[in-house]
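Inspection log for the structure reproduced underneath, given as structure tokens.
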Amino acid sequence: VYGGEAFTVSPLTEDGNTIISLIPTLHPALLPTYGSNTEDGIDAAIDLIKNAGYQQADILLLTDGVSRAAFRDISSQLNSRNVRLHILGLGTSEGAPIPMGNGGFVKDKSGSILLPKLDSSALRELADLGGGKFVTMSNDDSDINHLLQAVASDFPETTAVSDLGNRAQRAYRLR
């Protein structure tokens with residue numbers, strides 16, 4: 001997870017139940033600093049991949065947008081480690097407030113409620129730069145299935161990953 005900085009919530013694991021059990025606890029107030037330091041999030045994911053000894057990998061980024069100023073650094077991070085970046089776009093182009101655990105909404109430094117908007121064109125461009133796919137979140141499994149097909153094209157043994165992706169998506173939607 002990341003905001004102003006990145007944190008590892010779970011080590012890499014094949015135990016899907018561990019990951020699924022953590023999903024309901026994830027919310028913006030969990031992080032000590034707000035922000036969108038995607039580069040730090042990608043770097044933390046790459047560290048997990050490197051420390052696990054993988055020579056290639058796929059990262060799934062769930063976000064509403066990434067600063068175009070970060071594209072060059074992210075692309076460099078991915079290419080240096082043979083990692084593809086797939087993106088699941090969250091939100092709408094109209095934007096919506098981010099709920100806090102206490103019933104309020106995330107605010108900026110001036111106290112105004114933030115209304116992040118989905119930037120599909122930028123996210124599609126970043127996924128292309130990262131050698132991956134971009135899809136927007138759907139209310140069925142089509143988004144995850146589309147991403148899993150991309151992963152399965154290089155890693156045919158992804159049946160367990162597909163099951164985890166579908167269960168995690170259902171858990172996220174129940175939040």
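Ordering of the structure tokens sets the chain letters (A, B, ...), residue numbers begin anew at 1 in every chain, and ligands are numbered from 1 in the order given.
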
Among range 117-152 of chain A, which ones does DSSP assign to helix (DSSP H, G or I) (computed from the backbone)? Answer as an MDAnalysis selection string.
chainID A and resid 120:129 142:152

Fewer than 4 positions away in the same chain doesn't count, so skip those; otherwise give me all residues within 12 Å of Lys50 in chain A, counting only C-alpha atoms, as number ranges by chain.
A: 12, 43-46, 54-57, 78, 80-83

Residues of range 70-112 of chain A classed as strand (DSSP E or B) by DSSP on the backbone are to be reported as a list in words.
Val83, Arg84, Leu85, His86, Ile87, Leu88, Gly89, Pro99, Phe105 and Lys107 of chain A

Keeping only C-alpha atoms, write those residues as a PDB file, in the first residue's frame.
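What ended up in selection-v6.pdb:
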ATOM      1  CA  VAL A  83       8.666  -6.460 -14.313  1.00  0.00           C
ATOM      2  CA  ARG A  84       5.381  -5.670 -16.070  1.00  0.00           C
ATOM      3  CA  LEU A  85       2.869  -3.219 -14.645  1.00  0.00           C
ATOM      4  CA  HIS A  86      -0.856  -3.896 -14.944  1.00  0.00           C
ATOM      5  CA  ILE A  87      -3.267  -1.260 -13.692  1.00  0.00           C
ATOM      6  CA  LEU A  88      -6.780  -1.577 -12.319  1.00  0.00           C
ATOM      7  CA  GLY A  89      -8.332   1.879 -12.526  1.00  0.00           C
ATOM      8  CA  PRO A  99     -14.275   7.977   2.963  1.00  0.00           C
ATOM      9  CA  PHE A 105     -13.665  12.259   4.067  1.00  0.00           C
ATOM     10  CA  LYS A 107      -9.173  16.473   2.923  1.00  0.00           C
TER      11      LYS A 107
END

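Between CA of Ala127 in chain A and CA of Ile49 in chain A the separation is 18.5 Å.
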
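Considering the residues A:Ile42, A:Leu22, A:Val9, A:Val1 and counting only C-alpha atoms, Asn79 in chain A has its shortest atom-to-atom contact with A:Ile42.
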
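When the distance limit is 8 Å and only C-alpha atoms are what count, the residues near Ile74 in chain A, minus those fewer than 3 positions from it on the same chain, are Glu39, Ile42, Ala70, Phe71, Gln77, Leu78 and Gly130 of chain A.
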
Limited to all heavy atoms, could you put the picked residues into a file as a short mmCIF file (atom, residue, chain, number, x, y, z; two decimals), in the first residue's frame?
data_model
loop_
_atom_site.label_atom_id
_atom_site.label_comp_id
_atom_site.auth_asym_id
_atom_site.auth_seq_id
_atom_site.Cartn_x
_atom_site.Cartn_y
_atom_site.Cartn_z
N GLU A 39 5.84 5.95 -7.18
CA GLU A 39 7.19 5.45 -7.38
C GLU A 39 7.65 4.65 -6.17
O GLU A 39 8.28 3.60 -6.31
CB GLU A 39 8.19 6.59 -7.63
CG GLU A 39 7.85 7.47 -8.79
CD GLU A 39 7.10 8.74 -8.37
OE1 GLU A 39 6.03 8.64 -7.72
OE2 GLU A 39 7.59 9.83 -8.69
N ILE A 42 5.82 1.26 -6.20
CA ILE A 42 6.41 0.35 -7.19
C ILE A 42 7.75 -0.17 -6.67
O ILE A 42 8.06 -1.36 -6.79
CB ILE A 42 6.61 1.06 -8.55
CG1 ILE A 42 5.26 1.50 -9.14
CG2 ILE A 42 7.40 0.18 -9.52
CD1 ILE A 42 4.35 0.40 -9.58
N ALA A 70 5.86 11.13 -12.92
CA ALA A 70 6.44 9.91 -12.35
C ALA A 70 6.66 8.82 -13.40
O ALA A 70 7.33 7.82 -13.11
CB ALA A 70 5.53 9.37 -11.24
N PHE A 71 6.14 8.99 -14.59
CA PHE A 71 6.19 7.93 -15.61
C PHE A 71 7.62 7.48 -15.92
O PHE A 71 7.88 6.28 -16.02
CB PHE A 71 5.51 8.38 -16.90
CG PHE A 71 4.01 8.34 -16.86
CD1 PHE A 71 3.31 8.35 -15.67
CD2 PHE A 71 3.29 8.29 -18.04
CE1 PHE A 71 1.92 8.32 -15.65
CE2 PHE A 71 1.91 8.26 -18.03
CZ PHE A 71 1.22 8.27 -16.84
N GLN A 77 12.22 1.89 -13.29
CA GLN A 77 12.17 0.89 -12.21
C GLN A 77 11.75 -0.47 -12.76
O GLN A 77 12.34 -1.50 -12.42
CB GLN A 77 11.17 1.30 -11.12
CG GLN A 77 11.58 2.47 -10.28
CD GLN A 77 10.42 2.91 -9.39
OE1 GLN A 77 9.34 3.24 -9.85
NE2 GLN A 77 10.66 2.92 -8.08
N LEU A 78 10.73 -0.48 -13.60
CA LEU A 78 10.19 -1.73 -14.13
C LEU A 78 11.16 -2.41 -15.08
O LEU A 78 11.40 -3.62 -15.00
CB LEU A 78 8.85 -1.47 -14.84
CG LEU A 78 7.73 -0.92 -13.97
CD1 LEU A 78 6.58 -0.45 -14.83
CD2 LEU A 78 7.28 -1.95 -12.95
N GLY A 130 4.74 0.19 -19.09
CA GLY A 130 5.14 -0.89 -18.21
C GLY A 130 4.95 -2.27 -18.80
O GLY A 130 5.14 -3.27 -18.10
#

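From CA of Gly16 in chain A back to CA of Asn37 in chain A, the distance works out to 26.5 Å.
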
Using only C-alpha atoms, which residue out of A:Leu60, A:Ser75, A:Gly41, A:Ser110 lies closest to Asp128 in chain A?
A:Ser75
